[in-house]
$ cat my_file-v1.pdb   # PDB, C-alpha atoms
ATOM      1  CA  MET F  88      12.615 -23.787  11.994
ATOM      2  CA  ARG F  89      10.732 -20.473  11.899
ATOM      3  CA  VAL F  90      12.515 -19.441   8.712
ATOM      4  CA  SER F  91      11.630 -22.662   6.910
ATOM      5  CA  ALA F  92       7.998 -22.325   8.031
ATOM      6  CA  PHE F  93       7.978 -18.784   6.653
ATOM      7  CA  PHE F  94       9.321 -19.935   3.273
ATOM      8  CA  LEU F  95       6.802 -22.775   3.212
ATOM      9  CA  PHE F  96       4.030 -20.233   3.837
ATOM     10  CA  LEU F  97       5.480 -17.895   1.209
ATOM     11  CA  SER F  98       5.684 -20.630  -1.408
ATOM     12  CA  SER F  99       2.054 -21.524  -0.742
ATOM     13  CA  ILE F 100       0.871 -18.037  -1.629
ATOM     14  CA  VAL F 101       3.428 -17.203  -4.356
ATOM     15  CA  PRO F 102       3.779 -20.126  -6.725
ATOM     16  CA  CYS F 103       6.893 -19.581  -8.870
ATOM     17  CA  SER F 104       5.102 -20.673 -12.032
ATOM     18  CA  SER F 105       2.559 -17.868 -11.688
ATOM     19  CA  MET F 106       5.326 -15.275 -11.442
ATOM     20  CA  ALA F 107       6.805 -16.231 -14.781
ATOM     21  CA  SER F 108       3.523 -16.377 -16.654
ATOM     22  CA  VAL F 109       3.149 -12.625 -17.277
ATOM     23  CA  SER F 110       4.900 -10.916 -20.179
ATOM     24  CA  SER F 111       7.771  -8.622 -19.208
ATOM     25  CA  THR F 112       6.409  -5.939 -21.564
ATOM     26  CA  GLN F 113       3.348  -5.374 -19.389
ATOM     27  CA  LYS F 114       3.042  -2.079 -17.463
ATOM     28  CA  PRO F 115       3.206  -2.224 -13.671
ATOM     29  CA  GLN F 116      -0.195  -2.268 -12.028
ATOM     30  CA  LEU F 117      -1.094  -0.616  -8.726
ATOM     31  CA  SER F 118      -4.294  -1.877  -7.104
ATOM     32  CA  TYR F 119      -5.878   0.080  -4.254
ATOM     33  CA  PHE F 120      -9.112   1.774  -3.236
ATOM     34  CA  ASN F 121     -10.280   4.911  -5.018
ATOM     35  CA  ILE F 122      -8.857   7.070  -2.223
ATOM     36  CA  ARG F 123      -5.390   8.464  -1.491
ATOM     37  CA  GLY F 124      -4.633   6.402   1.617
ATOM     38  CA  LEU F 125      -1.748   3.948   1.691
ATOM     39  CA  ALA F 126      -1.155   4.025  -2.069
ATOM     40  CA  GLU F 127      -0.767   7.768  -2.528
ATOM     41  CA  THR F 128       2.976   7.825  -1.867
ATOM     42  CA  THR F 129       3.371   5.008  -4.388
ATOM     43  CA  ARG F 130       1.424   7.000  -6.968
ATOM     44  CA  ILE F 131       3.669  10.009  -6.295
ATOM     45  CA  LEU F 132       6.825   7.895  -6.669
ATOM     46  CA  LEU F 133       5.555   6.488  -9.970
ATOM     47  CA  ALA F 134       4.842  10.031 -11.194
ATOM     48  CA  LEU F 135       8.251  11.316 -10.055
ATOM     49  CA  GLY F 136       9.920   8.457 -11.890
ATOM     50  CA  GLY F 137       7.888   9.038 -15.042
ATOM     51  CA  GLN F 138       6.705   5.438 -14.846
ATOM     52  CA  ASP F 139       3.651   4.574 -16.926
ATOM     53  CA  TYR F 140       1.435   2.205 -14.937
ATOM     54  CA  GLU F 141      -2.098   0.903 -14.680
ATOM     55  CA  ASP F 142      -3.916   2.490 -11.736
ATOM     56  CA  VAL F 143      -6.575  -0.032 -10.684
ATOM     57  CA  ARG F 144      -8.917   1.577  -8.170
ATOM     58  CA  PHE F 145     -11.497  -0.278  -6.124
ATOM     59  CA  ASP F 146     -14.530   1.996  -5.876
ATOM     60  CA  LEU F 147     -16.152   2.261  -2.466
ATOM     61  CA  LEU F 148     -19.901   2.141  -1.989
ATOM     62  CA  PRO F 149     -21.250   5.597  -1.054
ATOM     63  CA  GLY F 150     -20.921   6.225   2.680
ATOM     64  CA  LYS F 151     -19.386   2.813   3.346
ATOM     65  CA  MET F 152     -15.964   1.247   3.498
ATOM     66  CA  GLU F 153     -17.115  -1.571   1.215
ATOM     67  CA  SER F 154     -16.039  -2.391  -2.324
ATOM     68  CA  PRO F 155     -17.480  -5.128  -4.540
ATOM     69  CA  ALA F 156     -14.414  -4.892  -6.837
ATOM     70  CA  PHE F 157     -12.093  -5.376  -3.849
ATOM     71  CA  ASN F 158     -14.098  -8.395  -2.712
ATOM     72  CA  GLU F 159     -13.888  -9.833  -6.229
ATOM     73  CA  ALA F 160     -10.100  -9.319  -6.286
ATOM     74  CA  LYS F 161      -9.860 -11.207  -2.983
ATOM     75  CA  GLU F 162     -12.008 -14.050  -4.297
ATOM     76  CA  ASN F 163      -9.887 -14.280  -7.471
ATOM     77  CA  GLY F 164      -6.674 -14.549  -5.418
ATOM     78  CA  ILE F 165      -5.217 -11.272  -6.722
ATOM     79  CA  LEU F 166      -4.570 -10.026  -3.182
ATOM     80  CA  LYS F 167      -3.405 -13.336  -1.710
ATOM     81  CA  ILE F 168       0.275 -12.285  -1.554
ATOM     82  CA  ASN F 169      -0.739  -9.420   0.747
ATOM     83  CA  LEU F 170      -3.043 -11.492   2.968
ATOM     84  CA  ASN F 171      -6.088 -10.216   1.034
ATOM     85  CA  ARG F 172      -5.293  -6.566   1.661
ATOM     86  CA  ALA F 173      -4.378  -3.647  -0.569
ATOM     87  CA  PRO F 174      -2.287  -2.008  -1.946
ATOM     88  CA  ILE F 175      -0.634  -4.427  -4.351
ATOM     89  CA  LEU F 176       1.939  -3.500  -6.976
ATOM     90  CA  THR F 177       2.302  -6.008  -9.801
ATOM     91  CA  THR F 178       5.614  -5.497 -11.584
ATOM     92  CA  GLU F 179       6.246  -5.678 -15.321
ATOM     93  CA  ASP F 180       7.376  -9.272 -14.747
ATOM     94  CA  GLY F 181       4.118 -10.225 -13.024
ATOM     95  CA  VAL F 182       5.493 -10.340  -9.482
ATOM     96  CA  SER F 183       3.032  -9.001  -6.903
ATOM     97  CA  ILE F 184       4.383  -6.943  -4.014
ATOM     98  CA  GLY F 185       2.231  -6.091  -1.011
ATOM     99  CA  GLN F 186       2.700  -3.727   1.936
ATOM    100  CA  SER F 187       2.799  -0.033   1.091
ATOM    101  CA  LYS F 188       6.240   0.649   2.608
ATOM    102  CA  ALA F 189       7.796  -2.345   0.815
ATOM    103  CA  ILE F 190       6.315  -1.063  -2.455
ATOM    104  CA  GLU F 191       7.613   2.449  -1.789
ATOM    105  CA  ARG F 192      11.132   1.244  -0.991
ATOM    106  CA  TYR F 193      11.162  -1.021  -4.052
ATOM    107  CA  LEU F 194      10.181   1.872  -6.329
ATOM    108  CA  ALA F 195      12.542   4.341  -4.645
ATOM    109  CA  ARG F 196      15.480   1.968  -5.143
ATOM    110  CA  ARG F 197      14.473   1.267  -8.706
ATOM    111  CA  MET F 198      14.201   4.979  -9.502
ATOM    112  CA  GLY F 199      17.419   5.974  -7.755
ATOM    113  CA  LEU F 200      15.695   7.787  -4.886
ATOM    114  CA  MET F 201      17.198   5.785  -1.990
ATOM    115  CA  GLY F 202      20.595   7.488  -1.983
ATOM    116  CA  THR F 203      23.912   6.311  -3.341
ATOM    117  CA  ASN F 204      25.216   4.367  -0.327
ATOM    118  CA  ASP F 205      24.058   2.545   2.790
ATOM    119  CA  VAL F 206      24.165   5.660   4.999
ATOM    120  CA  GLU F 207      22.030   7.709   2.592
ATOM    121  CA  GLU F 208      19.589   4.802   2.296
ATOM    122  CA  ALA F 209      19.350   4.656   6.101
ATOM    123  CA  LEU F 210      18.657   8.400   6.230
ATOM    124  CA  VAL F 211      15.874   8.038   3.644
ATOM    125  CA  ASP F 212      14.452   5.170   5.744
ATOM    126  CA  CYS F 213      14.676   7.392   8.838
ATOM    127  CA  ILE F 214      12.653  10.162   7.195
ATOM    128  CA  THR F 215      10.161   7.593   5.910
ATOM    129  CA  GLU F 216       9.646   6.230   9.409
ATOM    130  CA  HIS F 217       9.201   9.748  10.844
ATOM    131  CA  CYS F 218       6.478  10.336   8.249
ATOM    132  CA  ARG F 219       4.847   7.051   9.238
ATOM    133  CA  ASP F 220       4.916   8.106  12.920
ATOM    134  CA  VAL F 221       3.142  11.372  12.063
ATOM    135  CA  SER F 222       0.585   9.524   9.948
ATOM    136  CA  ASP F 223      -0.040   6.979  12.721
ATOM    137  CA  ALA F 224      -0.514   9.777  15.281
ATOM    138  CA  LYS F 225      -3.008  11.454  12.954
ATOM    139  CA  ARG F 226      -4.907   8.200  12.485
ATOM    140  CA  GLN F 227      -5.131   7.760  16.263
ATOM    141  CA  LYS F 228      -6.964  11.080  16.465
ATOM    142  CA  ASN F 229      -9.681   9.313  14.449
ATOM    143  CA  PHE F 230     -11.220  12.231  12.557
ATOM    144  CA  SER F 231     -11.390  10.733   9.061
ATOM    145  CA  ALA F 232     -14.606  10.426   7.087
ATOM    146  CA  PHE F 233     -14.480   6.671   7.751
ATOM    147  CA  ALA F 234     -14.539   6.993  11.566
ATOM    148  CA  LYS F 235     -17.961   5.510  12.273
ATOM    149  CA  ASP F 236     -17.974   5.593  16.060
ATOM    150  CA  ARG F 237     -17.608   9.370  16.406
ATOM    151  CA  SER F 238     -19.957  12.275  15.814
ATOM    152  CA  ASP F 239     -19.105  15.069  13.395
ATOM    153  CA  GLU F 240     -18.552  17.359  16.383
ATOM    154  CA  GLU F 241     -16.091  14.916  17.973
ATOM    155  CA  LYS F 242     -14.237  14.576  14.673
ATOM    156  CA  ALA F 243     -14.081  18.366  14.297
ATOM    157  CA  GLN F 244     -12.675  18.720  17.829
ATOM    158  CA  SER F 245     -10.038  16.034  17.166
ATOM    159  CA  LYS F 246      -9.090  17.698  13.885
ATOM    160  CA  LYS F 247      -8.775  21.059  15.665
ATOM    161  CA  GLU F 248      -6.517  19.491  18.307
ATOM    162  CA  TRP F 249      -4.439  17.876  15.610
TER     163      TRP F 249
END
$ encode --input "my_file-v1.pdb" --output "structure tokens"
Amino acid sequence: MRVSAFFLFLSSIVPCSSMASVSSTQKPQLSYFNIRGLAETTRILLALGGQDYEDVRFDLLPGKMESPAFNEAKENGILKINLNRAPILTTEDGVSIGQSKAIERYLARRMGLMGTNDVEEALVDCITEHCRDVSDAKRQKNFSAFAKDRSDEEKAQSKKEW
């Protein structure tokens, strides 16, 4: 029953007719904030693969983690497939893919960067997950420019410890 509920949910946010409505000659489109963040690895993969794409960046208001363009994209349903979050990769066929790691794995497979067999693919996944662990540990130190609940001195100390 859980599986059928999942597919019911999925079909409610990804109508099949909308997937087929975009021309297959369109460039892929990556939508994310105007920062490196979760989309930077995707941008690197696209560059490594020599893939021409449209880089849609949601500008942030100075000193805030707010973006009118991001809010507009949510209101227009562009981010619905990813539960109103970014990044989103829209393929040449108009299919939207959310979740940064899903996007990265999709591109890596497409560009021949996931190995040549199941074992090599698992090893690439292993390295990817190690990188995610390091990134998560860094985020837990909470010294980014967007950490609002910490003083500059506390951020500097956390960065030094890191």
$ closest_residue --input "my_file-v1.pdb" --among "F:Lys235, F:Leu170, F:Leu200, F:Arg144" --to "Gly124 of chain F" --atoms "all atoms listed in the file"
F:Arg144
$ closest_atom_pairs --input "my_file-v1.pdb" --of "segment 155-192 of chain F" --to "segment 214-233 of chain F" --cutoff "10 Å" --atoms "all atoms listed in the file" --output "CSV"
residue,atom,partner,partner_atom,distance
F:Lys188,CA,F:Thr215,CA,8.6
F:Glu191,CA,F:Thr215,CA,9.6
F:Arg192,CA,F:Thr215,CA,9.4
$ axis_aligned_box --input "my_file-v1.pdb" --around "segment 198-209 of chain F" --padding-each-side "8 Å" --output "lines of an AutoDock Vina configuration file"
center_x = 19.7
center_y = 5.2
center_z = -1.7
size_x = 27.0
size_y = 21.2
size_z = 31.6
$ residues_around --input "my_file-v1.pdb" --residues "segment 146-152 of chain F" --least-positions-apart "3" --cutoff "7 Å" --atoms "only C-alpha atoms" --output "ChimeraX atom specification"
/F:120-121,156
$ residues_around --input "my_file-v1.pdb" --residues "Ile165 of chain F" --least-positions-apart "5" --cutoff "10 Å" --atoms "all atoms listed in the file" --output "PDB file with C-alpha atoms, in the coordinates of the input"
ATOM      1  CA  SER F 118      -4.294  -1.877  -7.104  1.00  0.00           C
ATOM      2  CA  PHE F 157     -12.093  -5.376  -3.849  1.00  0.00           C
ATOM      3  CA  GLU F 159     -13.888  -9.833  -6.229  1.00  0.00           C
ATOM      4  CA  ALA F 160     -10.100  -9.319  -6.286  1.00  0.00           C
ATOM      5  CA  LEU F 170      -3.043 -11.492   2.968  1.00  0.00           C
ATOM      6  CA  ASN F 171      -6.088 -10.216   1.034  1.00  0.00           C
ATOM      7  CA  ARG F 172      -5.293  -6.566   1.661  1.00  0.00           C
ATOM      8  CA  ALA F 173      -4.378  -3.647  -0.569  1.00  0.00           C
ATOM      9  CA  ILE F 175      -0.634  -4.427  -4.351  1.00  0.00           C
ATOM     10  CA  THR F 177       2.302  -6.008  -9.801  1.00  0.00           C
ATOM     11  CA  SER F 183       3.032  -9.001  -6.903  1.00  0.00           C
TER      12      SER F 183
END
$ closest_residue --input "my_file-v1.pdb" --among "F:Asn204, F:Gln138, F:Thr178, F:Asn163" --to "Gln116 of chain F" --atoms "all atoms listed in the file"
F:Thr178
$ atom_distance --input "my_file-v1.pdb" --atom1 "atom CA of Pro174 of chain F" --atom2 "atom CA of Arg197 of chain F"
18.4 Å
$ atom_distance --input "my_file-v1.pdb" --atom1 "atom CA of Glu153 of chain F" --atom2 "atom CA of Leu166 of chain F"
15.8 Å
$ atom_distance --input "my_file-v1.pdb" --atom1 "atom CA of Val182 of chain F" --atom2 "atom CA of Glu141 of chain F"
14.5 Å
$ residues_near_point --input "my_file-v1.pdb" --point "(-2.6, 7.9, -8.0)" --cutoff "10 Å" --atoms "only C-alpha atoms" --output "list in words"
Leu117, Ser118, Tyr119, Asn121, Ile122, Arg123, Gly124, Ala126, Glu127, Thr128, Thr129, Arg130, Ile131, Leu132, Leu133, Ala134, Tyr140, Glu141, Asp142, Val143 and Arg144 of chain F
$ write_last_selection --input "my_file-v1.pdb" --atoms "C-alpha atoms" --output "mmCIF file, in the coordinates of the input"
data_model
loop_
_atom_site.group_PDB
_atom_site.id
_atom_site.type_symbol
_atom_site.label_atom_id
_atom_site.label_comp_id
_atom_site.auth_asym_id
_atom_site.auth_seq_id
_atom_site.Cartn_x
_atom_site.Cartn_y
_atom_site.Cartn_z
ATOM 1 C CA LEU F 117 -1.094 -0.616 -8.726
ATOM 2 C CA SER F 118 -4.294 -1.877 -7.104
ATOM 3 C CA TYR F 119 -5.878 0.080 -4.254
ATOM 4 C CA ASN F 121 -10.280 4.911 -5.018
ATOM 5 C CA ILE F 122 -8.857 7.070 -2.223
ATOM 6 C CA ARG F 123 -5.390 8.464 -1.491
ATOM 7 C CA GLY F 124 -4.633 6.402 1.617
ATOM 8 C CA ALA F 126 -1.155 4.025 -2.069
ATOM 9 C CA GLU F 127 -0.767 7.768 -2.528
ATOM 10 C CA THR F 128 2.976 7.825 -1.867
ATOM 11 C CA THR F 129 3.371 5.008 -4.388
ATOM 12 C CA ARG F 130 1.424 7.000 -6.968
ATOM 13 C CA ILE F 131 3.669 10.009 -6.295
ATOM 14 C CA LEU F 132 6.825 7.895 -6.669
ATOM 15 C CA LEU F 133 5.555 6.488 -9.970
ATOM 16 C CA ALA F 134 4.842 10.031 -11.194
ATOM 17 C CA TYR F 140 1.435 2.205 -14.937
ATOM 18 C CA GLU F 141 -2.098 0.903 -14.680
ATOM 19 C CA ASP F 142 -3.916 2.490 -11.736
ATOM 20 C CA VAL F 143 -6.575 -0.032 -10.684
ATOM 21 C CA ARG F 144 -8.917 1.577 -8.170
#
$ decode --input "my_file-v1.pdb" --residues "segment 164-209 of chain F" --atoms "N, CA and C atoms" --output "short mmCIF file (atom, residue, chain, number, x, y, z; two decimals), in the first residue's frame"
data_model
loop_
_atom_site.label_atom_id
_atom_site.label_comp_id
_atom_site.auth_asym_id
_atom_site.auth_seq_id
_atom_site.Cartn_x
_atom_site.Cartn_y
_atom_site.Cartn_z
N GLY F 164 4.95 26.84 -9.52
CA GLY F 164 4.97 25.39 -9.56
C GLY F 164 6.23 24.78 -10.15
N ILE F 165 7.23 25.61 -10.45
CA ILE F 165 8.47 25.12 -11.06
C ILE F 165 9.21 24.16 -10.13
N LEU F 166 9.10 24.38 -8.83
CA LEU F 166 9.84 23.59 -7.86
C LEU F 166 9.00 22.50 -7.20
N LYS F 167 7.79 22.31 -7.68
CA LYS F 167 6.85 21.38 -7.05
C LYS F 167 7.41 19.96 -6.98
N ILE F 168 8.08 19.49 -8.01
CA ILE F 168 8.64 18.13 -8.04
C ILE F 168 9.62 17.90 -6.90
N ASN F 169 10.25 18.97 -6.43
CA ASN F 169 11.25 18.87 -5.36
C ASN F 169 10.72 19.45 -4.06
N LEU F 170 9.41 19.36 -3.87
CA LEU F 170 8.76 19.85 -2.64
C LEU F 170 9.09 21.32 -2.37
N ASN F 171 9.11 22.11 -3.44
CA ASN F 171 9.37 23.55 -3.39
C ASN F 171 10.76 23.91 -2.86
N ARG F 172 11.72 23.06 -3.21
CA ARG F 172 13.11 23.33 -2.84
C ARG F 172 13.98 23.32 -4.09
N ALA F 173 15.18 23.81 -3.95
CA ALA F 173 16.14 23.79 -5.06
C ALA F 173 17.36 23.02 -4.58
N PRO F 174 18.13 22.45 -5.49
CA PRO F 174 18.17 22.64 -6.93
C PRO F 174 17.17 21.76 -7.69
N ILE F 175 16.94 22.18 -8.92
CA ILE F 175 16.12 21.44 -9.89
C ILE F 175 16.90 21.41 -11.20
N LEU F 176 17.00 20.24 -11.80
CA LEU F 176 17.54 20.12 -13.15
C LEU F 176 16.39 19.74 -14.06
N THR F 177 16.15 20.55 -15.08
CA THR F 177 15.14 20.23 -16.09
C THR F 177 15.90 19.73 -17.31
N THR F 178 15.60 18.49 -17.71
CA THR F 178 16.31 17.86 -18.82
C THR F 178 15.88 18.46 -20.16
N GLU F 179 16.58 18.04 -21.21
CA GLU F 179 16.24 18.49 -22.56
C GLU F 179 14.82 18.10 -22.93
N ASP F 180 14.31 17.03 -22.33
CA ASP F 180 12.96 16.55 -22.61
C ASP F 180 11.91 17.18 -21.70
N GLY F 181 12.32 18.11 -20.84
CA GLY F 181 11.37 18.80 -19.98
C GLY F 181 11.05 18.09 -18.69
N VAL F 182 11.78 17.04 -18.36
CA VAL F 182 11.56 16.33 -17.10
C VAL F 182 12.36 17.04 -16.01
N SER F 183 11.71 17.35 -14.90
CA SER F 183 12.38 18.01 -13.78
C SER F 183 12.85 16.97 -12.77
N ILE F 184 14.10 17.10 -12.36
CA ILE F 184 14.69 16.21 -11.37
C ILE F 184 15.12 17.05 -10.19
N GLY F 185 14.70 16.68 -9.00
CA GLY F 185 15.10 17.36 -7.78
C GLY F 185 16.11 16.53 -7.01
N GLN F 186 16.57 17.06 -5.90
CA GLN F 186 17.53 16.41 -5.01
C GLN F 186 18.92 16.41 -5.64
N SER F 187 19.83 17.12 -5.03
CA SER F 187 21.16 17.33 -5.60
C SER F 187 21.89 16.01 -5.90
N LYS F 188 21.82 15.04 -5.01
CA LYS F 188 22.55 13.78 -5.25
C LYS F 188 21.91 12.99 -6.38
N ALA F 189 20.59 13.03 -6.52
CA ALA F 189 19.92 12.35 -7.64
C ALA F 189 20.34 13.00 -8.95
N ILE F 190 20.42 14.33 -8.96
CA ILE F 190 20.85 15.06 -10.16
C ILE F 190 22.29 14.68 -10.51
N GLU F 191 23.15 14.65 -9.50
CA GLU F 191 24.56 14.32 -9.74
C GLU F 191 24.71 12.91 -10.29
N ARG F 192 24.00 11.96 -9.73
CA ARG F 192 24.11 10.58 -10.21
C ARG F 192 23.55 10.44 -11.63
N TYR F 193 22.46 11.14 -11.90
CA TYR F 193 21.88 11.12 -13.24
C TYR F 193 22.91 11.63 -14.26
N LEU F 194 23.52 12.77 -13.96
CA LEU F 194 24.50 13.35 -14.89
C LEU F 194 25.74 12.47 -15.00
N ALA F 195 26.21 11.94 -13.88
CA ALA F 195 27.41 11.09 -13.92
C ALA F 195 27.17 9.86 -14.78
N ARG F 196 26.00 9.24 -14.65
CA ARG F 196 25.69 8.08 -15.49
C ARG F 196 25.63 8.49 -16.96
N ARG F 197 24.95 9.58 -17.20
CA ARG F 197 24.77 10.06 -18.57
C ARG F 197 26.10 10.39 -19.24
N MET F 198 27.06 10.87 -18.46
CA MET F 198 28.34 11.30 -19.00
C MET F 198 29.43 10.23 -18.87
N GLY F 199 29.03 9.04 -18.44
CA GLY F 199 29.99 7.95 -18.34
C GLY F 199 30.96 8.06 -17.18
N LEU F 200 30.55 8.73 -16.11
CA LEU F 200 31.43 8.94 -14.96
C LEU F 200 31.08 8.06 -13.76
N MET F 201 30.20 7.07 -13.95
CA MET F 201 29.79 6.20 -12.84
C MET F 201 30.43 4.82 -12.94
N GLY F 202 31.49 4.68 -13.70
CA GLY F 202 32.16 3.40 -13.84
C GLY F 202 31.56 2.58 -14.97
N THR F 203 32.12 1.40 -15.16
CA THR F 203 31.68 0.55 -16.27
C THR F 203 30.94 -0.70 -15.82
N ASN F 204 30.81 -0.88 -14.49
CA ASN F 204 30.06 -2.03 -13.98
C ASN F 204 29.49 -1.69 -12.61
N ASP F 205 28.73 -2.61 -12.05
CA ASP F 205 28.06 -2.35 -10.77
C ASP F 205 29.04 -2.08 -9.63
N VAL F 206 30.17 -2.77 -9.60
CA VAL F 206 31.15 -2.57 -8.53
C VAL F 206 31.75 -1.17 -8.62
N GLU F 207 32.14 -0.75 -9.81
CA GLU F 207 32.70 0.60 -9.98
C GLU F 207 31.67 1.66 -9.61
N GLU F 208 30.41 1.43 -10.00
CA GLU F 208 29.35 2.38 -9.64
C GLU F 208 29.20 2.45 -8.12
N ALA F 209 29.28 1.31 -7.44
CA ALA F 209 29.18 1.31 -5.98
C ALA F 209 30.35 2.05 -5.36
#
